[in-house]
file final.pdb (PDB, C-alpha atoms and all ligand atoms)
MODEL        1
ATOM      1  CA  MET K  26      82.721 104.552  74.905
ATOM      2  CA  PRO K  27      85.461 106.227  76.969
ATOM      3  CA  VAL K  28      85.668 105.393  80.651
ATOM      4  CA  LYS K  29      84.856 108.408  82.842
ATOM      5  CA  GLY K  30      88.014 109.963  84.288
ATOM      6  CA  LEU K  31      90.405 108.310  81.825
ATOM      7  CA  GLY K  32      92.277 109.834  78.928
ATOM      8  CA  GLU K  33      93.550 108.105  75.823
ATOM      9  CA  TYR K  34      95.749 105.025  76.008
ATOM     10  CA  ASP K  35      99.424 105.966  75.551
ATOM     11  CA  SER K  36     100.793 103.422  73.110
ATOM     12  CA  ASN K  37     104.354 104.358  74.052
ATOM     13  CA  ASN K  38     104.075 103.437  77.721
ATOM     14  CA  VAL K  39     106.767 101.067  78.941
ATOM     15  CA  PHE K  40     104.515  97.984  79.028
ATOM     16  CA  ALA K  41     103.261  98.624  75.491
ATOM     17  CA  ARG K  42     106.913  98.729  74.463
ATOM     18  CA  ILE K  43     107.627  95.499  76.337
ATOM     19  CA  LEU K  44     104.680  93.869  74.530
ATOM     20  CA  ARG K  45     106.128  94.991  71.183
ATOM     21  CA  GLY K  46     109.539  93.639  72.181
ATOM     22  CA  GLU K  47     111.163  97.085  72.065
ATOM     23  CA  ILE K  48     112.267  96.828  75.701
ATOM     24  CA  PRO K  49     113.590  93.584  77.195
ATOM     25  CA  SER K  50     111.765  91.806  79.993
ATOM     26  CA  ARG K  51     112.312  88.623  81.975
ATOM     27  CA  ARG K  52     109.161  86.802  80.911
ATOM     28  CA  VAL K  53     107.774  83.975  82.990
ATOM     29  CA  PHE K  54     104.561  83.386  81.026
ATOM     30  CA  GLU K  55     102.827  84.415  77.846
ATOM     31  CA  ASN K  56      99.800  83.383  75.879
ATOM     32  CA  GLU K  57      97.336  85.124  73.554
ATOM     33  CA  PHE K  58      95.751  87.109  76.389
ATOM     34  CA  ALA K  59      98.499  87.961  78.843
ATOM     35  CA  VAL K  60     102.206  88.381  79.393
ATOM     36  CA  ALA K  61     103.955  88.066  82.778
ATOM     37  CA  PHE K  62     107.458  89.231  83.608
ATOM     38  CA  HIS K  63     109.603  90.065  86.611
ATOM     39  CA  ASP K  64     109.280  93.586  87.984
ATOM     40  CA  ILE K  65     112.458  95.583  87.400
ATOM     41  CA  ALA K  66     112.446  96.837  91.022
ATOM     42  CA  PRO K  67     111.158  93.865  93.033
ATOM     43  CA  GLN K  68     109.504  94.555  96.379
ATOM     44  CA  ALA K  69     109.377  90.892  97.428
ATOM     45  CA  PRO K  70     111.498  87.806  96.582
ATOM     46  CA  ILE K  71     108.953  87.114  93.853
ATOM     47  CA  HIS K  72     107.449  90.197  92.212
ATOM     48  CA  VAL K  73     105.907  89.551  88.846
ATOM     49  CA  LEU K  74     103.663  91.758  86.734
ATOM     50  CA  VAL K  75     100.856  90.278  84.679
ATOM     51  CA  ILE K  76      99.486  92.435  81.872
ATOM     52  CA  PRO K  77      96.811  91.934  79.247
ATOM     53  CA  ARG K  78      98.005  92.139  75.651
ATOM     54  CA  GLY K  79      95.324  94.677  74.769
ATOM     55  CA  PRO K  80      95.599  98.465  75.230
ATOM     56  CA  TYR K  81      93.793  99.048  78.513
ATOM     57  CA  ILE K  82      94.697 101.691  81.085
ATOM     58  CA  SER K  83      92.814 100.558  84.173
ATOM     59  CA  LEU K  84      90.589  97.800  85.491
ATOM     60  CA  ALA K  85      87.484  99.773  84.493
ATOM     61  CA  ASP K  86      88.903 100.333  81.002
ATOM     62  CA  PHE K  87      89.731  96.629  80.708
ATOM     63  CA  THR K  88      86.398  95.324  81.949
ATOM     64  CA  ALA K  89      84.458  97.878  79.850
ATOM     65  CA  LYS K  90      86.257  97.278  76.562
ATOM     66  CA  ALA K  91      87.813  93.815  76.543
ATOM     67  CA  SER K  92      85.873  90.787  75.368
ATOM     68  CA  ALA K  93      84.674  88.222  77.883
ATOM     69  CA  GLU K  94      87.272  85.854  76.430
ATOM     70  CA  GLU K  95      90.094  88.356  77.048
ATOM     71  CA  ILE K  96      88.929  89.037  80.596
ATOM     72  CA  THR K  97      88.654  85.369  81.427
ATOM     73  CA  GLY K  98      91.938  84.632  79.688
ATOM     74  CA  PHE K  99      93.713  87.364  81.596
ATOM     75  CA  PHE K 100      92.542  86.377  85.079
ATOM     76  CA  ARG K 101      93.119  82.729  84.302
ATOM     77  CA  ALA K 102      96.673  83.669  83.361
ATOM     78  CA  VAL K 103      97.194  85.414  86.719
ATOM     79  CA  GLY K 104      96.195  82.205  88.502
ATOM     80  CA  GLU K 105      98.381  80.072  86.229
ATOM     81  CA  VAL K 106     101.381  82.315  86.815
ATOM     82  CA  ALA K 107     100.951  82.036  90.590
ATOM     83  CA  GLN K 108     100.753  78.259  90.300
ATOM     84  CA  SER K 109     103.736  78.029  87.967
ATOM     85  CA  LEU K 110     105.794  79.984  90.506
ATOM     86  CA  ASP K 111     104.732  77.477  93.228
ATOM     87  CA  LEU K 112     102.958  80.172  95.209
ATOM     88  CA  GLU K 113      99.583  78.531  95.712
ATOM     89  CA  ALA K 114     100.549  76.668  98.889
ATOM     90  CA  PRO K 115     102.722  79.266 100.644
ATOM     91  CA  GLY K 116     100.396  82.008  99.473
ATOM     92  CA  TYR K 117     100.878  85.284  97.675
ATOM     93  CA  ARG K 118      99.259  88.666  97.108
ATOM     94  CA  ILE K 119      97.944  90.400  94.017
ATOM     95  CA  LEU K 120      97.594  94.146  93.814
ATOM     96  CA  ALA K 121      96.682  96.622  91.092
ATOM     97  CA  ASN K 122      97.179 100.379  91.256
ATOM     98  CA  MET K 123      94.689 102.579  89.444
ATOM     99  CA  GLY K 124      95.330 106.256  88.924
ATOM    100  CA  GLU K 125      97.057 108.961  90.861
ATOM    101  CA  ASP K 126      95.964 108.223  94.424
ATOM    102  CA  ALA K 127      97.198 104.654  94.067
ATOM    103  CA  GLY K 128     100.464 105.818  92.503
ATOM    104  CA  GLN K 129      99.982 104.031  89.174
ATOM    105  CA  GLU K 130     103.193 104.681  87.262
ATOM    106  CA  VAL K 131     102.541 102.758  84.082
ATOM    107  CA  PRO K 132      99.226 103.497  82.334
ATOM    108  CA  HIS K 133      98.708  99.957  81.063
ATOM    109  CA  PHE K 134      96.503  97.822  83.331
ATOM    110  CA  HIS K 135      98.630  95.361  85.299
ATOM    111  CA  VAL K 136      98.433  93.089  88.304
ATOM    112  CA  HIS K 137     101.391  92.832  90.662
ATOM    113  CA  LEU K 138     101.959  89.366  92.086
ATOM    114  CA  PHE K 139     104.049  89.254  95.267
ATOM    115  CA  GLY K 140     105.324  86.181  97.081
ATOM    116  CA  GLY K 141     108.252  84.336  98.540
ATOM    117  CA  ARG K 142     108.019  85.660 102.077
ATOM    118  CA  ARG K 143     105.484  86.669 104.731
ATOM    119  CA  LEU K 144     104.017  89.783 103.204
ATOM    120  CA  GLY K 145     102.935  91.565 106.357
ATOM    121  CA  VAL K 146     100.157  94.084 106.627
ATOM    122  CA  MET K 147      98.174  94.830 103.539
ATOM    123  CA  LEU K 148      98.594  98.601 103.373
ATOM    124  CA  VAL K 149     101.647 100.484 104.526
ATOM    125  CA  HIS K 150     101.006 104.170 105.168
ATOM    126  CA  SER K 151     103.494 106.688 103.891
TER     127      SER K 151
HETATM  128  P1  LIG K 201     102.534 100.745  89.174
HETATM  129  O1  LIG K 201     103.117 101.745  90.128
HETATM  130  O2  LIG K 201     101.468  99.892  89.771
HETATM  131  O3  LIG K 201     102.147 101.392  87.861
HETATM  132  O4  LIG K 201     103.703  99.730  88.876
HETATM  133  C1  LIG K 201     104.594  99.842  87.825
HETATM  134  C2  LIG K 201     105.656  98.815  88.057
HETATM  135  O5  LIG K 201     106.362  98.620  86.848
HETATM  136  C3  LIG K 201     106.699  99.202  89.130
HETATM  137  O6  LIG K 201     106.706  98.215  90.150
HETATM  138  C4  LIG K 201     108.015  99.240  88.334
HETATM  139  O7  LIG K 201     109.117  98.772  89.076
HETATM  140  C5  LIG K 201     107.700  98.349  87.156
HETATM  141  N1  LIG K 201     108.478  98.601  85.948
HETATM  142  C6  LIG K 201     108.715  99.792  85.354
HETATM  143  N2  LIG K 201     109.452  99.633  84.252
HETATM  144  C7  LIG K 201     109.663  98.297  84.125
HETATM  145  C8  LIG K 201     110.363  97.487  83.180
HETATM  146  N3  LIG K 201     110.991  98.004  82.123
HETATM  147  N4  LIG K 201     110.380  96.141  83.379
HETATM  148  C9  LIG K 201     109.755  95.598  84.454
HETATM  149  N5  LIG K 201     109.081  96.310  85.364
HETATM  150  C10 LIG K 201     109.040  97.642  85.211
ENDMDL
END

call {"tool": "encode", "arguments": {"input": "final.pdb", "output": "structure tokens", "more": "lines below"}}
Ligand code: AMP
result
Amino acid sequence: MPVKGLGEYDSNNVFARILRGEIPSRRVFENEFAVAFHDIAPQAPIHVLVIPRGPYISLADFTAKASAEEITGFFRAVGEVAQSLDLEAPGYRILANMGEDAGQEVPHFHVHLFGGRRLGVMLVHS
């Protein structure tokens, strides 16, 4: 069933193309559920994106359509990536933009992982 407020998944979005290997990425992690790679325009010393392999647009789309195994596998991967980057002790932030008001640019569900410095206030107004 479609998720209210969402259109169709665009299989040519940049992350779908990264998953297919059509666009290069600096991968830091991959398994059957998730792929993680450095953001092309980092906003912190460490800025990594973690994406599920499946075609999901938003968190609601992901949690509505993915299997429990995919959901668990994905969020486990986010935690593993943070640990593999040695961010658990200094700390880090995860963030996910959904839709227009949040400024989501790429319509494939993804979690940003920021670290490597004091990250300051949570929301910056602009
Ligand atoms: P969002 O605004 O939450 O959709 O974030 C999209 C993110 O994808 C931005 O931080 C971009 O810098 C990043 N991005 C766009 N194209 C690429 C790419 N080819 N490789 C890595 N990151 C990308």

call {"tool": "atom_distance", "arguments": {"input": "final.pdb", "atom1": "atom CA of Arg51 of chain K", "atom2": "atom CA of Ala69 of chain K"}}
result
15.9 Å

call {"tool": "residues_near_ligand", "arguments": {"input": "final.pdb", "ligand": "ligand LIG 201 (chain K)", "cutoff": "12 Å", "atoms": "only C-alpha atoms and all ligand atoms", "output": "PyMOL selection string"}}
result
chain K and resi 38-44+46-53+60-69+71-76+82-84+119-139

call {"tool": "atom_distance", "arguments": {"input": "final.pdb", "atom1": "atom CA of Phe58 of chain K", "atom2": "atom CA of Ser109 of chain K"}}
result
16.7 Å

call {"tool": "axis_aligned_box", "arguments": {"input": "final.pdb", "around": "segment 102-117 of chain K", "padding_each_side": "8 Å", "output": "lines of an AutoDock Vina configuration file"}}
result
center_x = 101.0
center_y = 81.0
center_z = 92.0
size_x = 25.6
size_y = 24.7
size_z = 33.3

call {"tool": "closest_residue", "arguments": {"input": "final.pdb", "among": "K:Phe87, K:Glu113, K:Glu94, K:Gly140", "to": "Leu31 of chain K", "atoms": "all atoms listed in the file"}}
result
K:Phe87

call {"tool": "resolve_selection", "arguments": {"input": "final.pdb", "expression": "the PyMOL selection byres (((chain K and resi 101) around 12) and not hetatm)", "output": "JSON, numbers by chain"}}
result
{"K": [54, 55, 56, 57, 58, 59, 60, 75, 76, 77, 93, 94, 95, 96, 97, 98, 99, 100, 102, 103, 104, 105, 106, 107, 108]}

call {"tool": "closest_residue", "arguments": {"input": "final.pdb", "among": "K:Pro70, K:Ala89, K:Gly79, K:Arg45", "to": "Tyr117 of chain K", "atoms": "all atoms listed in the file"}}
result
K:Pro70

call {"tool": "atom_distance", "arguments": {"input": "final.pdb", "atom1": "atom CA of Leu112 of chain K", "atom2": "atom CA of Tyr81 of chain K"}}
result
26.8 Å

call {"tool": "closest_residue", "arguments": {"input": "final.pdb", "among": "K:Lys29, K:Arg143, K:Ser92, K:Tyr34", "to": "Pro80 of chain K", "atoms": "all atoms listed in the file"}}
result
K:Tyr34

call {"tool": "closest_residue", "arguments": {"input": "final.pdb", "among": "K:Pro115, K:Ala85, K:Pro27, K:Asn37", "to": "Leu144 of chain K", "atoms": "all atoms listed in the file"}}
result
K:Pro115

call {"tool": "closest_residue", "arguments": {"input": "final.pdb", "among": "K:Gly141, K:Asp86, K:Asp35, K:Met147", "to": "Gly116 of chain K", "atoms": "only C-alpha atoms"}}
result
K:Gly141

call {"tool": "decode", "arguments": {"input": "final.pdb", "residues": "segment 51-86 of chain K", "atoms": "C-alpha atoms", "output": "JSON list (two decimals), in the first residue's frame"}}
result
[["chain", "number", "residue", "atom", "x", "y", "z"],
["K", 51, "ARG", "CA", 33.75, 6.26, -1.00],
["K", 52, "ARG", "CA", 32.23, 3.31, 0.83],
["K", 53, "VAL", "CA", 33.00, 2.68, 4.47],
["K", 54, "PHE", "CA", 30.61, -0.23, 5.04],
["K", 55, "GLU", "CA", 28.32, -2.56, 3.17],
["K", 56, "ASN", "CA", 26.34, -5.67, 3.89],
["K", 57, "GLU", "CA", 23.11, -7.21, 2.57],
["K", 58, "PHE", "CA", 20.93, -4.54, 4.18],
["K", 59, "ALA", "CA", 22.84, -1.28, 4.02],
["K", 60, "VAL", "CA", 25.60, 0.67, 2.35],
["K", 61, "ALA", "CA", 27.50, 3.58, 3.95],
["K", 62, "PHE", "CA", 29.67, 6.10, 2.16],
["K", 63, "HIS", "CA", 31.17, 9.54, 2.68],
["K", 64, "ASP", "CA", 28.94, 12.49, 1.84],
["K", 65, "ILE", "CA", 30.22, 14.35, -1.21],
["K", 66, "ALA", "CA", 29.81, 17.72, 0.56],
["K", 67, "PRO", "CA", 30.74, 17.00, 4.18],
["K", 68, "GLN", "CA", 29.33, 19.26, 6.88],
["K", 69, "ALA", "CA", 31.51, 17.84, 9.66],
["K", 70, "PRO", "CA", 34.96, 16.16, 9.74],
["K", 71, "ILE", "CA", 33.09, 12.86, 9.52],
["K", 72, "HIS", "CA", 29.90, 12.94, 7.46],
["K", 73, "VAL", "CA", 28.74, 9.56, 6.29],
["K", 74, "LEU", "CA", 25.44, 8.52, 4.75],
["K", 75, "VAL", "CA", 23.89, 5.17, 5.55],
["K", 76, "ILE", "CA", 21.25, 3.90, 3.14],
["K", 77, "PRO", "CA", 19.17, 0.75, 2.95],
["K", 78, "ARG", "CA", 19.66, -1.34, -0.19],
["K", 79, "GLY", "CA", 15.92, -1.44, -0.86],
["K", 80, "PRO", "CA", 13.93, 1.21, -2.76],
["K", 81, "TYR", "CA", 12.45, 3.31, 0.03],
["K", 82, "ILE", "CA", 11.83, 7.06, -0.12],
["K", 83, "SER", "CA", 11.30, 7.98, 3.51],
["K", 84, "LEU", "CA", 11.29, 6.55, 7.01],
["K", 85, "ALA", "CA", 7.55, 5.88, 6.78],
["K", 86, "ASP", "CA", 8.02, 4.16, 3.41]]
